[in-house]
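> Provided herewith: model_28.cif, mmCIF, C-alpha atoms.
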data_query
#
loop_
_atom_site.group_PDB
_atom_site.id
_atom_site.type_symbol
_atom_site.label_atom_id
_atom_site.label_comp_id
_atom_site.auth_asym_id
_atom_site.auth_seq_id
_atom_site.Cartn_x
_atom_site.Cartn_y
_atom_site.Cartn_z
ATOM 1 C CA MET A 1 -2.320 7.618 -7.044
ATOM 2 C CA SER A 2 -1.381 7.170 -3.403
ATOM 3 C CA HIS A 3 -2.951 5.220 -0.572
ATOM 4 C CA SER A 4 -2.058 4.118 2.926
ATOM 5 C CA LEU A 5 -0.678 0.712 3.811
ATOM 6 C CA PRO A 6 -2.944 -1.373 6.071
ATOM 7 C CA LEU A 7 -2.086 -0.951 9.740
ATOM 8 C CA VAL A 8 0.579 -3.285 11.156
ATOM 9 C CA THR A 9 1.096 -3.446 14.939
ATOM 10 C CA ILE A 10 4.212 -4.965 16.519
ATOM 11 C CA GLU A 11 4.381 -5.576 20.271
ATOM 12 C CA GLN A 12 7.343 -6.980 22.194
ATOM 13 C CA LEU A 13 6.498 -10.156 24.134
ATOM 14 C CA ARG A 14 9.956 -10.880 25.550
ATOM 15 C CA ASP A 15 13.542 -10.425 24.397
ATOM 16 C CA TYR A 16 13.497 -10.588 20.560
ATOM 17 C CA ARG A 17 10.052 -12.200 20.270
ATOM 18 C CA PHE A 18 7.354 -9.848 18.969
ATOM 19 C CA ALA A 19 3.653 -10.270 18.240
ATOM 20 C CA VAL A 20 2.745 -8.966 14.803
ATOM 21 C CA SER A 21 -0.864 -8.190 13.993
ATOM 22 C CA PHE A 22 -2.394 -6.847 10.835
ATOM 23 C CA GLU A 23 -5.481 -4.777 10.278
ATOM 24 C CA ASN A 24 -8.342 -7.233 9.592
ATOM 25 C CA THR A 25 -5.986 -10.247 9.344
ATOM 26 C CA ALA A 26 -4.658 -12.862 11.766
ATOM 27 C CA GLY A 27 -1.219 -12.200 13.173
ATOM 28 C CA PHE A 28 1.804 -14.232 14.265
ATOM 29 C CA CYS A 29 5.015 -13.955 16.283
ATOM 30 C CA THR A 30 8.510 -13.138 15.033
ATOM 31 C CA ASP A 31 11.835 -13.905 16.664
ATOM 32 C CA GLU A 32 15.504 -13.696 15.837
ATOM 33 C CA PRO A 33 17.311 -17.004 15.331
ATOM 34 C CA ALA A 34 19.586 -18.352 18.066
ATOM 35 C CA PRO A 35 21.904 -17.302 19.587
ATOM 36 C CA THR A 36 20.372 -13.786 19.572
ATOM 37 C CA GLY A 37 16.770 -14.907 19.969
ATOM 38 C CA GLY A 38 14.939 -18.161 20.511
ATOM 39 C CA GLY A 39 13.994 -18.863 16.895
ATOM 40 C CA GLU A 40 10.297 -19.063 17.847
ATOM 41 C CA GLY A 41 9.068 -17.469 14.633
ATOM 42 C CA PRO A 42 10.249 -16.010 11.367
ATOM 43 C CA SER A 43 12.861 -13.267 11.589
ATOM 44 C CA PRO A 44 12.314 -9.806 10.088
ATOM 45 C CA SER A 45 14.760 -10.780 7.294
ATOM 46 C CA GLN A 46 12.646 -13.842 6.498
ATOM 47 C CA LEU A 47 9.506 -11.693 6.449
ATOM 48 C CA LEU A 48 11.136 -9.398 3.905
ATOM 49 C CA ALA A 49 12.112 -12.403 1.759
ATOM 50 C CA ALA A 50 8.575 -13.776 2.072
ATOM 51 C CA ALA A 51 7.086 -10.436 1.019
ATOM 52 C CA VAL A 52 9.321 -10.266 -2.067
ATOM 53 C CA GLY A 53 8.623 -13.875 -3.087
ATOM 54 C CA ASN A 54 4.884 -13.623 -2.434
ATOM 55 C CA CYS A 55 4.551 -10.391 -4.387
ATOM 56 C CA LEU A 56 6.393 -11.837 -7.393
ATOM 57 C CA ALA A 57 4.319 -15.048 -7.340
ATOM 58 C CA ALA A 58 1.081 -13.063 -7.131
ATOM 59 C CA SER A 59 2.177 -10.714 -9.910
ATOM 60 C CA LEU A 60 3.085 -13.641 -12.185
ATOM 61 C CA PHE A 61 -0.214 -15.381 -11.406
ATOM 62 C CA PHE A 62 -2.168 -12.189 -12.148
ATOM 63 C CA CYS A 63 -0.686 -12.021 -15.644
ATOM 64 C CA LEU A 64 -0.898 -15.747 -16.346
ATOM 65 C CA LYS A 65 -4.543 -16.062 -15.298
ATOM 66 C CA LYS A 66 -5.447 -13.489 -17.966
ATOM 67 C CA ARG A 67 -3.683 -15.465 -20.704
ATOM 68 C CA ALA A 68 -3.418 -19.133 -19.756
ATOM 69 C CA PRO A 69 -3.893 -19.972 -16.065
ATOM 70 C CA PRO A 70 -1.245 -22.343 -14.714
ATOM 71 C CA THR A 71 -2.456 -25.897 -14.119
ATOM 72 C CA ASP A 72 -0.397 -26.282 -10.927
ATOM 73 C CA PRO A 73 0.192 -23.865 -8.043
ATOM 74 C CA ILE A 74 3.074 -21.431 -8.373
ATOM 75 C CA ARG A 75 5.934 -22.011 -5.930
ATOM 76 C CA ALA A 76 8.448 -19.339 -4.944
ATOM 77 C CA THR A 77 11.775 -20.098 -3.274
ATOM 78 C CA VAL A 78 13.754 -17.162 -1.896
ATOM 79 C CA THR A 79 17.416 -17.327 -0.938
ATOM 80 C CA GLY A 80 19.749 -14.535 0.016
ATOM 81 C CA ARG A 81 22.991 -13.489 1.630
ATOM 82 C CA VAL A 82 23.586 -11.471 4.778
ATOM 83 C CA GLU A 83 26.909 -9.658 4.973
ATOM 84 C CA ARG A 84 28.526 -6.964 7.076
ATOM 85 C CA ASN A 85 28.668 -3.494 5.540
ATOM 86 C CA ALA A 86 31.623 -1.099 5.766
ATOM 87 C CA GLN A 87 30.562 -0.157 9.314
ATOM 88 C CA GLY A 88 30.448 -3.831 10.352
ATOM 89 C CA ARG A 89 26.637 -3.976 10.529
ATOM 90 C CA LEU A 90 24.694 -6.927 9.137
ATOM 91 C CA ARG A 91 22.727 -6.184 5.983
ATOM 92 C CA ILE A 92 20.850 -8.252 3.421
ATOM 93 C CA ALA A 93 23.307 -8.210 0.511
ATOM 94 C CA ASP A 94 21.037 -9.733 -2.135
ATOM 95 C CA MET A 95 18.135 -12.091 -2.779
ATOM 96 C CA THR A 96 17.302 -14.578 -5.505
ATOM 97 C CA VAL A 97 13.715 -15.620 -6.151
ATOM 98 C CA VAL A 98 13.010 -18.756 -8.187
ATOM 99 C CA LEU A 99 9.401 -19.179 -9.298
ATOM 100 C CA ASP A 100 8.261 -22.629 -10.404
ATOM 101 C CA VAL A 101 5.211 -22.740 -12.699
ATOM 102 C CA SER A 102 3.508 -25.358 -14.851
ATOM 103 C CA ALA A 103 3.747 -23.109 -17.919
ATOM 104 C CA ALA A 104 4.316 -19.429 -18.602
ATOM 105 C CA ASP A 105 3.292 -17.103 -21.402
ATOM 106 C CA PRO A 106 6.437 -15.320 -22.677
ATOM 107 C CA ARG A 107 4.606 -11.979 -22.604
ATOM 108 C CA CYS A 108 4.046 -12.386 -18.862
ATOM 109 C CA LEU A 109 7.690 -13.221 -18.296
ATOM 110 C CA ASP A 110 8.662 -9.854 -19.761
ATOM 111 C CA LEU A 111 6.172 -7.923 -17.598
ATOM 112 C CA PHE A 112 5.249 -9.475 -14.266
ATOM 113 C CA GLU A 113 8.159 -8.475 -12.044
ATOM 114 C CA HIS A 114 7.839 -4.789 -12.916
ATOM 115 C CA TYR A 115 4.315 -4.785 -11.441
ATOM 116 C CA CYS A 116 5.434 -6.248 -8.101
ATOM 117 C CA THR A 117 5.210 -3.341 -5.655
ATOM 118 C CA VAL A 118 7.360 -4.938 -2.955
ATOM 119 C CA THR A 119 10.200 -6.175 -5.165
ATOM 120 C CA GLU A 120 10.482 -2.954 -7.111
ATOM 121 C CA SER A 121 10.569 -1.021 -3.816
ATOM 122 C CA VAL A 122 13.175 -3.295 -2.218
ATOM 123 C CA ARG A 123 15.396 -3.086 -5.303
ATOM 124 C CA GLY A 124 16.166 0.499 -4.312
ATOM 125 C CA GLY A 125 18.551 -0.936 -1.713
ATOM 126 C CA ILE A 126 18.881 -4.682 -2.251
ATOM 127 C CA PRO A 127 19.618 -6.443 -5.548
ATOM 128 C CA VAL A 128 16.884 -8.996 -6.301
ATOM 129 C CA ARG A 129 17.412 -11.598 -9.040
ATOM 130 C CA VAL A 130 14.321 -13.308 -10.464
ATOM 131 C CA GLN A 131 14.145 -16.612 -12.319
ATOM 132 C CA VAL A 132 11.186 -18.650 -13.586
ATOM 133 C CA ARG A 133 11.350 -22.403 -14.218
ATOM 134 C CA ASP A 134 8.805 -24.862 -15.508
ATOM 135 C CA ASN A 135 7.887 -28.055 -13.653
ATOM 136 C CA ALA A 136 10.711 -29.919 -15.397
ATOM 137 C CA GLY A 137 13.238 -27.410 -14.026
ATOM 138 C CA THR A 138 13.866 -25.736 -17.387
ATOM 139 C CA LEU A 139 14.824 -22.099 -16.974
ATOM 140 C CA LEU A 140 12.186 -20.000 -18.780
ATOM 141 C CA TYR A 141 13.274 -16.578 -17.592
ATOM 142 C CA ASP A 142 16.236 -15.008 -15.814
ATOM 143 C CA ASP A 143 16.143 -11.264 -15.292
ATOM 144 C CA ALA A 144 19.961 -11.257 -15.335
ATOM 145 C CA ASN A 145 19.612 -12.021 -19.061
ATOM 146 C CA ALA A 146 16.619 -9.744 -19.720
ATOM 147 C CA GLY A 147 17.203 -6.565 -21.526
#
Write the structure described by the file as structure tokens, please.

Amino acid sequence: MSHSLPLVTIEQLRDYRFAVSFENTAGFCTDEPAPTGGGEGPSPSQLLAAAVGNCLAASLFFCLKKRAPPTDPIRATVTGRVERNAQGRLRIADMTVVLDVSAADPRCLDLFEHYCTVTESVRGGIPVRVQVRDNAGTLLYDDANAG
């Protein structure tokens, strides 16, 4: 089954600052960090990280709410590295997403990330590591150890 993505419009305001609007949703401005831009909004790299983290959190919540809804909100933290490729151009080298939950059903931990459209799409070009911890900081899942 195929469908179109909702319309996204991006309009330059000045230099590296762009207005981003979404079909039927409020928009915002993006900007590159200094010294390239003015840092007046999230950068495109941050938007990509936010999309990956949000998709994973939503996918985990979708599974958990069917089995045992978490008692506290899910929190996703996304880190990553930017490196120069062989041609000297900056690229996102990898990302790590850590999801903090109050509790997690083991069956969900084995499934949720594979249903995340954004992460599974991004993984075609960028390695994405996923971990899940409980509120005490105990590691419940690490896809580096999944098989």
> Selection in question (the file shown): the PyMOL selection byres ((chain A and resi 128) around 12). Which residues does it include, as a PyMOL selection string?
chain A and resi 48-49+52-53+56+78-81+92-98+113-114+116+118-127+129-131+142-144
> Which residues, named as in the file, does the PyMOL selection byres ((chain A and resi 71) around 9) pick out? Answer as a ChimeraX atom specification.
/A:68-70,72-73,101-103
> Given the choices A:Ser45, A:Phe61, A:Pro33, A:Leu109, which gets closest to Arg91 (chain A) if the distance is worked out from all atoms listed in the file?
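With all atoms listed in the file as the atom set, the closest residue is A:Ser45.
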> Translate the PyMOL selection byres ((chain A and resi 105) around 9) into a concrete residue list for this structure, as a ChimeraX atom specification.
/A:63-64,67-68,103-104,106-109
> Figure out the distance between CA of Ala76 (chain A) and CA of Leu5 (chain A), please, to one decimal in Å.
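Straight-line distance from CA of Leu5 (chain A) to CA of Ala76 (chain A) works out to 23.7 Å.
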> I'd like the neighbourhood of Pro6 (chain A) as a PyMOL selection string, where a residue qualifies if any of its atoms comes within 8 Å (using all atoms listed in the file), though same-chain residues fewer than 2 positions away should be ignored.
chain A and resi 4+8+22-23
> Grab the CA of Val132 (chain A) to CA of Arg75 (chain A) distance for me, in Å with one decimal place.
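Value for the CA of Val132 (chain A)-CA of Arg75 (chain A) distance: 9.9 Å.
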